[in-house]
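Pasting upload_3.cif here (mmCIF, C-alpha atoms, pLDDT in the B column; chains and numbers go by the auth columns):
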data_data
loop_
_atom_site.group_PDB
_atom_site.id
_atom_site.type_symbol
_atom_site.label_atom_id
_atom_site.label_comp_id
_atom_site.label_asym_id
_atom_site.label_seq_id
_atom_site.Cartn_x
_atom_site.Cartn_y
_atom_site.Cartn_z
_atom_site.B_iso_or_equiv
_atom_site.auth_seq_id
_atom_site.auth_asym_id
ATOM 1 C CA MET A 1 -0.078 25.374 27.912 90.00 1 A
ATOM 2 C CA ILE A 2 -2.047 22.131 28.039 90.00 2 A
ATOM 3 C CA PRO A 3 -0.197 19.469 26.014 91.00 3 A
ATOM 4 C CA TYR A 4 -1.891 17.654 23.150 88.00 4 A
ATOM 5 C CA VAL A 5 -1.911 13.930 23.905 84.00 5 A
ATOM 6 C CA PRO A 6 -2.894 11.854 20.873 84.00 6 A
ATOM 7 C CA SER A 7 -4.771 8.609 21.517 86.00 7 A
ATOM 8 C CA PRO A 8 -3.710 8.149 25.175 85.00 8 A
ATOM 9 C CA ASN A 9 -5.644 4.863 25.375 86.00 9 A
ATOM 10 C CA LYS A 10 -3.525 3.159 22.723 89.00 10 A
ATOM 11 C CA HIS A 11 -1.033 0.617 24.074 91.00 11 A
ATOM 12 C CA ILE A 12 1.033 -2.276 22.744 92.00 12 A
ATOM 13 C CA TYR A 13 -0.473 -5.572 23.888 90.00 13 A
ATOM 14 C CA HIS A 14 1.127 -7.984 21.424 92.00 14 A
ATOM 15 C CA THR A 15 3.563 -10.239 23.289 93.00 15 A
ATOM 16 C CA LYS A 16 6.135 -10.481 20.513 91.00 16 A
ATOM 17 C CA ASP A 17 6.156 -6.710 19.983 93.00 17 A
ATOM 18 C CA ILE A 18 6.604 -6.115 23.729 94.00 18 A
ATOM 19 C CA GLU A 19 9.495 -8.574 23.852 93.00 19 A
ATOM 20 C CA TYR A 20 11.132 -6.924 20.841 91.00 20 A
ATOM 21 C CA PHE A 21 10.858 -3.349 22.099 93.00 21 A
ATOM 22 C CA GLU A 22 12.011 -4.290 25.598 95.00 22 A
ATOM 23 C CA GLU A 23 15.188 -5.716 24.072 95.00 23 A
ATOM 24 C CA TYR A 24 15.555 -3.140 21.276 95.00 24 A
ATOM 25 C CA PRO A 25 13.907 0.141 22.323 95.00 25 A
ATOM 26 C CA ALA A 26 12.708 2.185 19.331 95.00 26 A
ATOM 27 C CA PRO A 27 10.499 5.085 20.489 94.00 27 A
ATOM 28 C CA VAL A 28 9.369 6.199 17.013 94.00 28 A
ATOM 29 C CA MET A 29 8.462 2.671 15.915 93.00 29 A
ATOM 30 C CA GLU A 30 6.815 1.991 19.270 93.00 30 A
ATOM 31 C CA ASN A 31 4.543 5.006 18.909 93.00 31 A
ATOM 32 C CA LEU A 32 3.556 3.945 15.411 91.00 32 A
ATOM 33 C CA GLN A 33 2.892 0.357 16.444 92.00 33 A
ATOM 34 C CA ARG A 34 0.869 1.206 19.543 92.00 34 A
ATOM 35 C CA MET A 35 -1.840 2.502 17.192 92.00 35 A
ATOM 36 C CA HIS A 36 -2.124 -0.851 15.413 94.00 36 A
ATOM 37 C CA TYR A 37 -4.563 -3.662 16.204 93.00 37 A
ATOM 38 C CA THR A 38 -2.149 -6.437 15.149 92.00 38 A
ATOM 39 C CA ASN A 39 1.479 -7.312 15.798 91.00 39 A
ATOM 40 C CA ILE A 40 4.267 -6.116 13.527 91.00 40 A
ATOM 41 C CA ASN A 41 4.432 -8.107 10.306 89.00 41 A
ATOM 42 C CA SER A 42 7.951 -9.547 10.265 86.00 42 A
ATOM 43 C CA THR A 43 8.148 -9.548 6.453 86.00 43 A
ATOM 44 C CA ILE A 44 7.221 -5.886 6.026 86.00 44 A
ATOM 45 C CA PRO A 45 7.825 -4.133 9.383 89.00 45 A
ATOM 46 C CA TYR A 46 9.181 -0.857 8.007 92.00 46 A
ATOM 47 C CA PHE A 47 7.392 -0.790 4.666 93.00 47 A
ATOM 48 C CA GLY A 48 4.015 -0.559 6.449 93.00 48 A
ATOM 49 C CA PRO A 49 4.688 2.848 8.066 95.00 49 A
ATOM 50 C CA MET A 50 6.571 3.886 4.931 96.00 50 A
ATOM 51 C CA LEU A 51 3.453 3.240 2.846 97.00 51 A
ATOM 52 C CA TYR A 52 1.453 5.534 5.110 98.00 52 A
ATOM 53 C CA PHE A 53 3.868 8.387 4.531 98.00 53 A
ATOM 54 C CA LEU A 54 4.008 7.724 0.780 98.00 54 A
ATOM 55 C CA VAL A 55 0.206 7.887 0.649 98.00 55 A
ATOM 56 C CA ARG A 56 0.365 11.239 2.446 98.00 56 A
ATOM 57 C CA GLN A 57 3.197 12.521 0.259 97.00 57 A
ATOM 58 C CA PHE A 58 1.444 11.551 -2.989 97.00 58 A
ATOM 59 C CA GLY A 59 -1.947 12.838 -1.816 97.00 59 A
ATOM 60 C CA CYS A 60 -3.598 9.518 -2.641 98.00 60 A
ATOM 61 C CA GLU A 61 -7.381 9.350 -2.811 98.00 61 A
ATOM 62 C CA GLN A 62 -8.038 5.815 -4.090 98.00 62 A
ATOM 63 C CA ILE A 63 -5.908 2.803 -3.166 98.00 63 A
ATOM 64 C CA LEU A 64 -6.140 -0.881 -4.039 98.00 64 A
ATOM 65 C CA GLU A 65 -4.284 -3.544 -2.081 98.00 65 A
ATOM 66 C CA ILE A 66 -3.994 -6.972 -3.664 98.00 66 A
ATOM 67 C CA GLY A 67 -3.510 -9.372 -0.753 98.00 67 A
ATOM 68 C CA HIS A 68 -4.477 -7.632 2.480 97.00 68 A
ATOM 69 C CA ALA A 69 -4.037 -10.723 4.747 96.00 69 A
ATOM 70 C CA GLU A 70 -4.411 -9.713 8.431 95.00 70 A
ATOM 71 C CA GLY A 71 -4.362 -6.051 7.466 96.00 71 A
ATOM 72 C CA TYR A 72 -0.949 -4.905 8.685 96.00 72 A
ATOM 73 C CA SER A 73 -0.263 -2.722 5.645 97.00 73 A
ATOM 74 C CA SER A 74 -4.009 -2.121 5.097 98.00 74 A
ATOM 75 C CA PHE A 75 -4.113 -0.236 8.402 97.00 75 A
ATOM 76 C CA TYR A 76 -1.458 2.225 7.200 97.00 76 A
ATOM 77 C CA LEU A 77 -2.849 2.592 3.683 98.00 77 A
ATOM 78 C CA ALA A 78 -6.420 3.193 4.862 98.00 78 A
ATOM 79 C CA HIS A 79 -5.332 5.650 7.540 98.00 79 A
ATOM 80 C CA GLY A 80 -3.320 7.479 4.883 98.00 80 A
ATOM 81 C CA VAL A 81 -6.288 8.092 2.564 98.00 81 A
ATOM 82 C CA LYS A 82 -8.487 9.052 5.506 98.00 82 A
ATOM 83 C CA ASP A 83 -5.929 11.525 6.830 98.00 83 A
ATOM 84 C CA ASN A 84 -5.506 13.003 3.353 98.00 84 A
ATOM 85 C CA ALA A 85 -9.253 13.589 3.228 98.00 85 A
ATOM 86 C CA THR A 86 -9.156 15.275 6.618 97.00 86 A
ATOM 87 C CA ARG A 87 -6.181 17.464 5.799 97.00 87 A
ATOM 88 C CA PHE A 88 -7.172 18.533 2.286 95.00 88 A
ATOM 89 C CA GLY A 89 -10.968 18.380 2.430 95.00 89 A
ATOM 90 C CA MET A 90 -11.124 15.532 -0.077 95.00 90 A
ATOM 91 C CA ALA A 91 -14.431 13.769 -0.634 93.00 91 A
ATOM 92 C CA GLY A 92 -14.678 10.096 -1.516 95.00 92 A
ATOM 93 C CA ASN A 93 -11.222 8.943 -0.454 98.00 93 A
ATOM 94 C CA HIS A 94 -11.288 5.156 -0.153 98.00 94 A
ATOM 95 C CA TYR A 95 -9.186 2.059 0.444 98.00 95 A
ATOM 96 C CA TYR A 96 -10.017 -1.194 -1.364 98.00 96 A
ATOM 97 C CA GLY A 97 -8.518 -4.526 -0.368 98.00 97 A
ATOM 98 C CA ILE A 98 -8.924 -8.013 -1.781 98.00 98 A
ATOM 99 C CA ASP A 99 -7.835 -11.451 -0.599 98.00 99 A
ATOM 100 C CA ILE A 100 -9.156 -14.995 -0.352 98.00 100 A
ATOM 101 C CA VAL A 101 -8.405 -15.264 3.380 96.00 101 A
ATOM 102 C CA GLN A 102 -9.110 -13.203 6.531 96.00 102 A
ATOM 103 C CA THR A 103 -11.512 -10.870 4.717 97.00 103 A
ATOM 104 C CA GLU A 104 -14.199 -10.804 7.414 97.00 104 A
ATOM 105 C CA SER A 105 -11.802 -10.380 10.352 97.00 105 A
ATOM 106 C CA THR A 106 -9.759 -7.700 8.584 97.00 106 A
ATOM 107 C CA ARG A 107 -12.899 -5.829 7.508 98.00 107 A
ATOM 108 C CA GLU A 108 -14.219 -5.875 11.061 98.00 108 A
ATOM 109 C CA LYS A 109 -10.970 -4.565 12.554 97.00 109 A
ATOM 110 C CA LEU A 110 -10.582 -1.770 10.003 97.00 110 A
ATOM 111 C CA GLU A 111 -14.223 -0.740 10.373 97.00 111 A
ATOM 112 C CA LYS A 112 -13.651 -0.401 14.130 96.00 112 A
ATOM 113 C CA GLU A 113 -10.971 2.141 13.236 93.00 113 A
ATOM 114 C CA ASN A 114 -13.675 4.120 11.384 96.00 114 A
ATOM 115 C CA LEU A 115 -11.737 3.915 8.139 98.00 115 A
ATOM 116 C CA PRO A 116 -13.134 4.347 4.595 98.00 116 A
ATOM 117 C CA ILE A 117 -12.727 0.784 3.380 98.00 117 A
ATOM 118 C CA THR A 118 -14.105 -1.904 1.105 98.00 118 A
ATOM 119 C CA ILE A 119 -12.752 -5.391 1.764 98.00 119 A
ATOM 120 C CA LEU A 120 -13.666 -8.088 -0.742 98.00 120 A
ATOM 121 C CA ASN A 121 -13.162 -11.838 -0.705 98.00 121 A
ATOM 122 C CA LYS A 122 -11.860 -12.048 -4.254 98.00 122 A
ATOM 123 C CA ASP A 123 -9.296 -14.133 -6.108 98.00 123 A
ATOM 124 C CA SER A 124 -6.834 -11.773 -7.804 98.00 124 A
ATOM 125 C CA MET A 125 -6.879 -14.010 -10.876 98.00 125 A
ATOM 126 C CA THR A 126 -10.460 -12.835 -11.468 98.00 126 A
ATOM 127 C CA LEU A 127 -9.515 -9.155 -11.549 98.00 127 A
ATOM 128 C CA ASP A 128 -10.538 -7.321 -14.698 97.00 128 A
ATOM 129 C CA LYS A 129 -11.697 -3.895 -15.890 92.00 129 A
ATOM 130 C CA ASP A 130 -15.132 -4.505 -14.371 96.00 130 A
ATOM 131 C CA SER A 131 -13.891 -5.313 -10.869 98.00 131 A
ATOM 132 C CA PHE A 132 -13.748 -1.654 -9.824 98.00 132 A
ATOM 133 C CA PRO A 133 -15.676 0.224 -12.515 97.00 133 A
ATOM 134 C CA GLY A 134 -14.967 3.914 -12.901 96.00 134 A
ATOM 135 C CA ILE A 135 -12.207 4.000 -10.277 98.00 135 A
ATOM 136 C CA MET A 136 -8.743 5.288 -11.104 98.00 136 A
ATOM 137 C CA PHE A 137 -6.232 4.391 -8.414 98.00 137 A
ATOM 138 C CA ASP A 138 -3.412 6.568 -7.149 98.00 138 A
ATOM 139 C CA MET A 139 -1.659 3.533 -5.706 98.00 139 A
ATOM 140 C CA ILE A 140 -1.925 -0.220 -6.174 98.00 140 A
ATOM 141 C CA PHE A 141 -0.055 -2.284 -3.610 98.00 141 A
ATOM 142 C CA GLN A 142 0.657 -5.826 -4.814 98.00 142 A
ATOM 143 C CA ASP A 143 1.321 -8.332 -2.021 98.00 143 A
ATOM 144 C CA GLY A 144 -0.813 -11.389 -2.687 97.00 144 A
ATOM 145 C CA CYS A 145 0.277 -14.666 -4.242 97.00 145 A
ATOM 146 C CA HIS A 146 3.877 -14.220 -5.358 97.00 146 A
ATOM 147 C CA ASP A 147 4.225 -16.667 -8.222 98.00 147 A
ATOM 148 C CA THR A 148 5.043 -15.239 -11.634 98.00 148 A
ATOM 149 C CA GLU A 149 1.605 -15.989 -13.080 98.00 149 A
ATOM 150 C CA HIS A 150 -0.125 -13.906 -10.408 98.00 150 A
ATOM 151 C CA VAL A 151 2.376 -11.051 -10.527 98.00 151 A
ATOM 152 C CA LEU A 152 1.987 -10.617 -14.280 98.00 152 A
ATOM 153 C CA TYR A 153 -1.771 -11.233 -14.427 98.00 153 A
ATOM 154 C CA GLU A 154 -2.534 -8.713 -11.686 98.00 154 A
ATOM 155 C CA PHE A 155 -0.374 -6.107 -13.368 98.00 155 A
ATOM 156 C CA ASP A 156 -2.000 -6.638 -16.764 98.00 156 A
ATOM 157 C CA ALA A 157 -5.487 -6.603 -15.234 98.00 157 A
ATOM 158 C CA MET A 158 -5.140 -3.403 -13.189 98.00 158 A
ATOM 159 C CA TRP A 159 -2.450 -1.272 -14.855 98.00 159 A
ATOM 160 C CA GLY A 160 -5.088 0.441 -16.975 98.00 160 A
ATOM 161 C CA GLN A 161 -6.831 1.697 -13.827 98.00 161 A
ATOM 162 C CA LEU A 162 -3.710 3.256 -12.355 98.00 162 A
ATOM 163 C CA LYS A 163 -3.556 7.012 -12.824 98.00 163 A
ATOM 164 C CA GLY A 164 -1.049 8.377 -15.324 98.00 164 A
ATOM 165 C CA ASN A 165 0.591 11.781 -15.579 97.00 165 A
ATOM 166 C CA GLY A 166 3.130 10.723 -12.961 97.00 166 A
ATOM 167 C CA ASP A 167 0.409 10.442 -10.314 98.00 167 A
ATOM 168 C CA GLY A 168 0.016 6.659 -10.214 98.00 168 A
ATOM 169 C CA TYR A 169 2.271 4.260 -8.300 98.00 169 A
ATOM 170 C CA TRP A 170 2.378 0.478 -8.580 98.00 170 A
ATOM 171 C CA ILE A 171 4.168 -0.920 -5.535 98.00 171 A
ATOM 172 C CA ALA A 172 5.061 -4.614 -5.319 98.00 172 A
ATOM 173 C CA HIS A 173 6.387 -6.282 -2.192 97.00 173 A
ATOM 174 C CA ASP A 174 8.813 -9.214 -2.195 97.00 174 A
ATOM 175 C CA CYS A 175 10.688 -8.218 -5.375 98.00 175 A
ATOM 176 C CA TYR A 176 13.796 -9.697 -3.724 97.00 176 A
ATOM 177 C CA GLY A 177 11.796 -12.448 -2.033 97.00 177 A
ATOM 178 C CA PRO A 178 9.219 -14.953 -3.289 97.00 178 A
ATOM 179 C CA ALA A 179 8.037 -12.578 -6.041 98.00 179 A
ATOM 180 C CA GLU A 180 11.543 -11.995 -7.390 98.00 180 A
ATOM 181 C CA GLU A 181 11.126 -13.982 -10.588 98.00 181 A
ATOM 182 C CA GLY A 182 7.753 -12.420 -11.313 98.00 182 A
ATOM 183 C CA CYS A 183 9.079 -8.922 -10.691 98.00 183 A
ATOM 184 C CA ARG A 184 12.067 -9.587 -12.941 98.00 184 A
ATOM 185 C CA LYS A 185 9.713 -10.601 -15.734 98.00 185 A
ATOM 186 C CA LEU A 186 7.524 -7.593 -14.999 98.00 186 A
ATOM 187 C CA ILE A 187 10.520 -5.282 -15.380 98.00 187 A
ATOM 188 C CA GLN A 188 11.479 -7.040 -18.604 98.00 188 A
ATOM 189 C CA LYS A 189 7.919 -6.573 -19.882 98.00 189 A
ATOM 190 C CA ILE A 190 8.192 -2.852 -19.122 98.00 190 A
ATOM 191 C CA LYS A 191 11.417 -2.664 -21.109 98.00 191 A
ATOM 192 C CA ASP A 192 10.205 -4.828 -24.009 98.00 192 A
ATOM 193 C CA GLU A 193 7.016 -2.784 -24.391 98.00 193 A
ATOM 194 C CA ASN A 194 8.824 0.495 -23.884 98.00 194 A
ATOM 195 C CA MET A 195 6.335 1.496 -21.226 98.00 195 A
ATOM 196 C CA ASN A 196 6.515 5.095 -20.053 98.00 196 A
ATOM 197 C CA VAL A 197 7.504 4.564 -16.427 98.00 197 A
ATOM 198 C CA GLU A 198 10.278 5.049 -13.948 98.00 198 A
ATOM 199 C CA PHE A 199 11.003 2.468 -11.290 98.00 199 A
ATOM 200 C CA ILE A 200 13.244 1.566 -8.382 98.00 200 A
ATOM 201 C CA ARG A 201 13.800 -1.601 -6.375 98.00 201 A
ATOM 202 C CA LEU A 202 14.498 -1.207 -2.671 97.00 202 A
ATOM 203 C CA THR A 203 16.450 -3.914 -0.863 95.00 203 A
ATOM 204 C CA GLY A 204 15.904 -5.263 2.634 90.00 204 A
ATOM 205 C CA MET A 205 12.898 -7.129 4.067 89.00 205 A
ATOM 206 C CA TYR A 206 12.318 -9.010 0.799 95.00 206 A
ATOM 207 C CA GLY A 207 12.405 -5.818 -1.238 97.00 207 A
ATOM 208 C CA LEU A 208 9.959 -3.321 -2.656 97.00 208 A
ATOM 209 C CA LEU A 209 9.445 -2.453 -6.331 98.00 209 A
ATOM 210 C CA ILE A 210 7.991 1.003 -6.993 98.00 210 A
ATOM 211 C CA ILE A 211 6.788 1.834 -10.518 98.00 211 A
ATOM 212 C CA ARG A 212 5.612 5.347 -11.372 98.00 212 A
ATOM 213 C CA LYS A 213 3.292 5.664 -14.381 98.00 213 A
ATOM 214 C CA LEU A 214 4.334 8.577 -16.574 98.00 214 A
ATOM 215 C CA ASP A 215 1.755 8.339 -19.390 98.00 215 A
ATOM 216 C CA GLY A 216 0.528 11.852 -20.164 97.00 216 A
ATOM 217 C CA LEU A 217 3.257 13.631 -18.228 96.00 217 A
ATOM 218 C CA ASP A 218 5.097 16.292 -20.219 94.00 218 A
ATOM 219 C CA PRO A 219 8.805 15.408 -19.822 91.00 219 A
ATOM 220 C CA GLU A 220 9.652 19.103 -20.220 91.00 220 A
ATOM 221 C CA LYS A 221 7.290 20.227 -17.500 89.00 221 A
ATOM 222 C CA ARG A 222 8.934 22.263 -14.756 91.00 222 A
ATOM 223 C CA PHE A 223 7.489 22.063 -11.271 89.00 223 A
ATOM 224 C CA TRP A 224 9.649 24.849 -9.871 92.00 224 A
ATOM 225 C CA THR A 225 8.667 28.027 -11.718 86.00 225 A
ATOM 226 C CA ASP A 226 10.531 30.786 -9.927 78.00 226 A
#
Let me see the file written as structure tokens.
Amino acid sequence: MIPYVPSPNKHIYHTKDIEYFEEYPAPVMENLQRMHYTNINSTIPYFGPMLYFLVRQFGCEQILEIGHAEGYSSFYLAHGVKDNATRFGMAGNHYYGIDIVQTESTREKLEKENLPITILNKDSMTLDKDSFPGIMFDMIFQDGCHDTEHVLYEFDAMWGQLKGNGDGYWIAHDCYGPAEEGCRKLIQKIKDENMNVEFIRLTGMYGLLIIRKLDGLDPEKRFWTD
């Protein structure tokens, strides 16, 4: 049998990553990172790959990232929607990213990966219902400016375009880091307004807040119908 060798020309060239893996070998992480065009983001090293697998698990078609920066997490999110399209024959799967920095360089690098992307130089404080007309997102990843004003404004602006029925996920990074106060107020808003959601906060690496939108989901629905 001839073995299947995926992407044999992919290697790790980033000095800091090489130094890290030489001192702390991690074969699984190494194989993930060798696919990437940039070095591991020290604030979100494990959440990046985790986002890819969540996108695959949820079957996401449309994703918005608020604050793509150099594109560390964008790489995983965009690959996730592309791979979903390949696996399930989906048409129109797309990743959207906004930021006020590094838009051109990140767009260029992701386009070289042949990914279905739209990268916009856009201030998140200008987001509204007309920013992405007609698009309902399966996942919105919030990782831009972390002050409370931005956290709450972005949520209010885009929550209406997140899918309901248990199929939409709002994921916020840094809920135990620089966005902690904003995320606390966001959770309080959810409670005060009795919003139909379920959520969890994950610790480590500044934390991750995951909110699942349950509007329209029958609470008595059974998924296992033996």
**OP:** Compare A:Gln142, A:Asn165, A:Asn39, A:Ser124 by their minimum atom-to-atom distance to Tyr20 (chain A), counting all atoms listed in the file, and give me the closest one.
**Re:**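 Using all atoms listed in the file, the shortest distance to Tyr20 (chain A) belongs to A:Asn39.
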Subject >> Residues near Gln57 (chain A), cut-off 10 Å, all atoms listed in the file, skip fewer than 5 positions along chain, as a count of residues only >> reply: 4
Subject >> Proximity to Phe75 (chain A) - best of A:Pro133, A:Gly97, A:Gly89, A:Gly59, only C-alpha atoms >> reply: A:Gly97
**OP:** Find the distance between CA of Gly144 (chain A) and CA of Arg56 (chain A) and write it in Å to one decimal.
**Re:**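 About the pair CA of Gly144 (chain A) and CA of Arg56 (chain A): they are 23.2 Å apart.
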Write out as a compact mmCIF listing (two decimals) with C-alpha atoms, in the frame of the given file which residues come within 10 Å of Met158 (chain A) when counting all atoms listed in the file, dropping same-chain ones fewer than 5 positions away.
# COMPACT_ATOMS: atom_id res chain seq x y z
CA LEU A 64 -6.14 -0.88 -4.04
CA LEU A 127 -9.52 -9.15 -11.55
CA ASP A 128 -10.54 -7.32 -14.70
CA LYS A 129 -11.70 -3.90 -15.89
CA SER A 131 -13.89 -5.31 -10.87
CA PHE A 132 -13.75 -1.65 -9.82
CA MET A 136 -8.74 5.29 -11.10
CA PHE A 137 -6.23 4.39 -8.41
CA ILE A 140 -1.92 -0.22 -6.17
CA TYR A 153 -1.77 -11.23 -14.43
CA TRP A 170 2.38 0.48 -8.58
Kindly add N, CA and C atoms to the incomplete region 159-189 of chain A and provide the output as a PDB file, keeping the file's coordinate frame.
ATOM      1  N   TRP A 159      -3.299  -2.397 -14.437  1.00 98.00           N
ATOM      2  CA  TRP A 159      -2.450  -1.272 -14.855  1.00 98.00           C
ATOM      3  C   TRP A 159      -3.270  -0.163 -15.516  1.00 98.00           C
ATOM      4  N   GLY A 160      -4.267  -0.540 -16.278  1.00 98.00           N
ATOM      5  CA  GLY A 160      -5.088   0.441 -16.975  1.00 98.00           C
ATOM      6  C   GLY A 160      -5.890   1.331 -16.040  1.00 98.00           C
ATOM      7  N   GLN A 161      -6.085   0.897 -14.801  1.00 98.00           N
ATOM      8  CA  GLN A 161      -6.831   1.697 -13.827  1.00 98.00           C
ATOM      9  C   GLN A 161      -5.921   2.415 -12.835  1.00 98.00           C
ATOM     10  N   LEU A 162      -4.648   2.456 -13.144  1.00 98.00           N
ATOM     11  CA  LEU A 162      -3.710   3.256 -12.355  1.00 98.00           C
ATOM     12  C   LEU A 162      -3.568   4.607 -13.042  1.00 98.00           C
ATOM     13  N   LYS A 163      -3.656   5.671 -12.264  1.00 98.00           N
ATOM     14  CA  LYS A 163      -3.556   7.012 -12.824  1.00 98.00           C
ATOM     15  C   LYS A 163      -2.230   7.207 -13.550  1.00 98.00           C
ATOM     16  N   GLY A 164      -2.255   8.017 -14.594  1.00 98.00           N
ATOM     17  CA  GLY A 164      -1.049   8.377 -15.324  1.00 98.00           C
ATOM     18  C   GLY A 164      -0.579   9.760 -14.905  1.00 98.00           C
ATOM     19  N   ASN A 165       0.125  10.419 -15.811  1.00 97.00           N
ATOM     20  CA  ASN A 165       0.591  11.781 -15.579  1.00 97.00           C
ATOM     21  C   ASN A 165       1.560  11.880 -14.401  1.00 97.00           C
ATOM     22  N   GLY A 166       2.192  10.738 -14.074  1.00 97.00           N
ATOM     23  CA  GLY A 166       3.130  10.723 -12.961  1.00 97.00           C
ATOM     24  C   GLY A 166       2.478  10.633 -11.608  1.00 97.00           C
ATOM     25  N   ASP A 167       1.141  10.448 -11.573  1.00 98.00           N
ATOM     26  CA  ASP A 167       0.409  10.442 -10.314  1.00 98.00           C
ATOM     27  C   ASP A 167       0.043   9.045  -9.825  1.00 98.00           C
ATOM     28  N   GLY A 168       0.373   8.022 -10.595  1.00 98.00           N
ATOM     29  CA  GLY A 168       0.016   6.659 -10.214  1.00 98.00           C
ATOM     30  C   GLY A 168       1.236   5.830  -9.874  1.00 98.00           C
ATOM     31  N   TYR A 169       1.131   5.057  -8.789  1.00 98.00           N
ATOM     32  CA  TYR A 169       2.271   4.260  -8.300  1.00 98.00           C
ATOM     33  C   TYR A 169       1.844   2.817  -8.096  1.00 98.00           C
ATOM     34  N   TRP A 170       2.561   1.914  -8.786  1.00 98.00           N
ATOM     35  CA  TRP A 170       2.378   0.478  -8.580  1.00 98.00           C
ATOM     36  C   TRP A 170       3.518   0.033  -7.667  1.00 98.00           C
ATOM     37  N   ILE A 171       3.160  -0.523  -6.513  1.00 98.00           N
ATOM     38  CA  ILE A 171       4.168  -0.920  -5.535  1.00 98.00           C
ATOM     39  C   ILE A 171       4.023  -2.407  -5.248  1.00 98.00           C
ATOM     40  N   ALA A 172       5.085  -3.160  -5.486  1.00 98.00           N
ATOM     41  CA  ALA A 172       5.061  -4.614  -5.319  1.00 98.00           C
ATOM     42  C   ALA A 172       6.035  -5.027  -4.227  1.00 98.00           C
ATOM     43  N   HIS A 173       5.526  -5.758  -3.243  1.00 97.00           N
ATOM     44  CA  HIS A 173       6.387  -6.282  -2.192  1.00 97.00           C
ATOM     45  C   HIS A 173       7.024  -7.596  -2.644  1.00 97.00           C
ATOM     46  N   ASP A 174       8.127  -7.940  -1.997  1.00 97.00           N
ATOM     47  CA  ASP A 174       8.813  -9.214  -2.195  1.00 97.00           C
ATOM     48  C   ASP A 174       9.533  -9.318  -3.536  1.00 97.00           C
ATOM     49  N   CYS A 175       9.976  -8.173  -4.089  1.00 98.00           N
ATOM     50  CA  CYS A 175      10.688  -8.218  -5.375  1.00 98.00           C
ATOM     51  C   CYS A 175      12.082  -8.832  -5.222  1.00 98.00           C
ATOM     52  N   TYR A 176      12.560  -8.954  -3.997  1.00 97.00           N
ATOM     53  CA  TYR A 176      13.796  -9.697  -3.724  1.00 97.00           C
ATOM     54  C   TYR A 176      13.497 -10.889  -2.825  1.00 97.00           C
ATOM     55  N   GLY A 177      12.236 -11.302  -2.812  1.00 97.00           N
ATOM     56  CA  GLY A 177      11.796 -12.448  -2.033  1.00 97.00           C
ATOM     57  C   GLY A 177      11.061 -13.419  -2.940  1.00 97.00           C
ATOM     58  N   PRO A 178       9.929 -13.951  -2.494  1.00 97.00           N
ATOM     59  CA  PRO A 178       9.219 -14.953  -3.289  1.00 97.00           C
ATOM     60  C   PRO A 178       8.653 -14.448  -4.608  1.00 97.00           C
ATOM     61  N   ALA A 179       8.536 -13.127  -4.774  1.00 98.00           N
ATOM     62  CA  ALA A 179       8.037 -12.578  -6.041  1.00 98.00           C
ATOM     63  C   ALA A 179       9.169 -12.129  -6.957  1.00 98.00           C
ATOM     64  N   GLU A 180      10.404 -12.514  -6.634  1.00 98.00           N
ATOM     65  CA  GLU A 180      11.543 -11.995  -7.390  1.00 98.00           C
ATOM     66  C   GLU A 180      11.474 -12.348  -8.873  1.00 98.00           C
ATOM     67  N   GLU A 181      11.156 -13.587  -9.180  1.00 98.00           N
ATOM     68  CA  GLU A 181      11.126 -13.982 -10.588  1.00 98.00           C
ATOM     69  C   GLU A 181      10.011 -13.244 -11.325  1.00 98.00           C
ATOM     70  N   GLY A 182       8.859 -13.137 -10.689  1.00 98.00           N
ATOM     71  CA  GLY A 182       7.753 -12.420 -11.313  1.00 98.00           C
ATOM     72  C   GLY A 182       8.075 -10.953 -11.531  1.00 98.00           C
ATOM     73  N   CYS A 183       8.726 -10.335 -10.559  1.00 98.00           N
ATOM     74  CA  CYS A 183       9.079  -8.922 -10.691  1.00 98.00           C
ATOM     75  C   CYS A 183      10.148  -8.716 -11.749  1.00 98.00           C
ATOM     76  N   ARG A 184      11.066  -9.667 -11.875  1.00 98.00           N
ATOM     77  CA  ARG A 184      12.067  -9.587 -12.941  1.00 98.00           C
ATOM     78  C   ARG A 184      11.388  -9.622 -14.306  1.00 98.00           C
ATOM     79  N   LYS A 185      10.425 -10.508 -14.459  1.00 98.00           N
ATOM     80  CA  LYS A 185       9.713 -10.601 -15.734  1.00 98.00           C
ATOM     81  C   LYS A 185       8.839  -9.378 -15.963  1.00 98.00           C
ATOM     82  N   LEU A 186       8.312  -8.814 -14.885  1.00 98.00           N
ATOM     83  CA  LEU A 186       7.524  -7.593 -14.999  1.00 98.00           C
ATOM     84  C   LEU A 186       8.396  -6.432 -15.484  1.00 98.00           C
ATOM     85  N   ILE A 187       9.585  -6.330 -14.940  1.00 98.00           N
ATOM     86  CA  ILE A 187      10.520  -5.282 -15.380  1.00 98.00           C
ATOM     87  C   ILE A 187      10.929  -5.497 -16.831  1.00 98.00           C
ATOM     88  N   GLN A 188      11.126  -6.755 -17.215  1.00 98.00           N
ATOM     89  CA  GLN A 188      11.479  -7.040 -18.604  1.00 98.00           C
ATOM     90  C   GLN A 188      10.329  -6.682 -19.536  1.00 98.00           C
ATOM     91  N   LYS A 189       9.112  -6.936 -19.100  1.00 98.00           N
ATOM     92  CA  LYS A 189       7.919  -6.573 -19.882  1.00 98.00           C
ATOM     93  C   LYS A 189       7.889  -5.063 -20.091  1.00 98.00           C
TER      94      LYS A 189
END
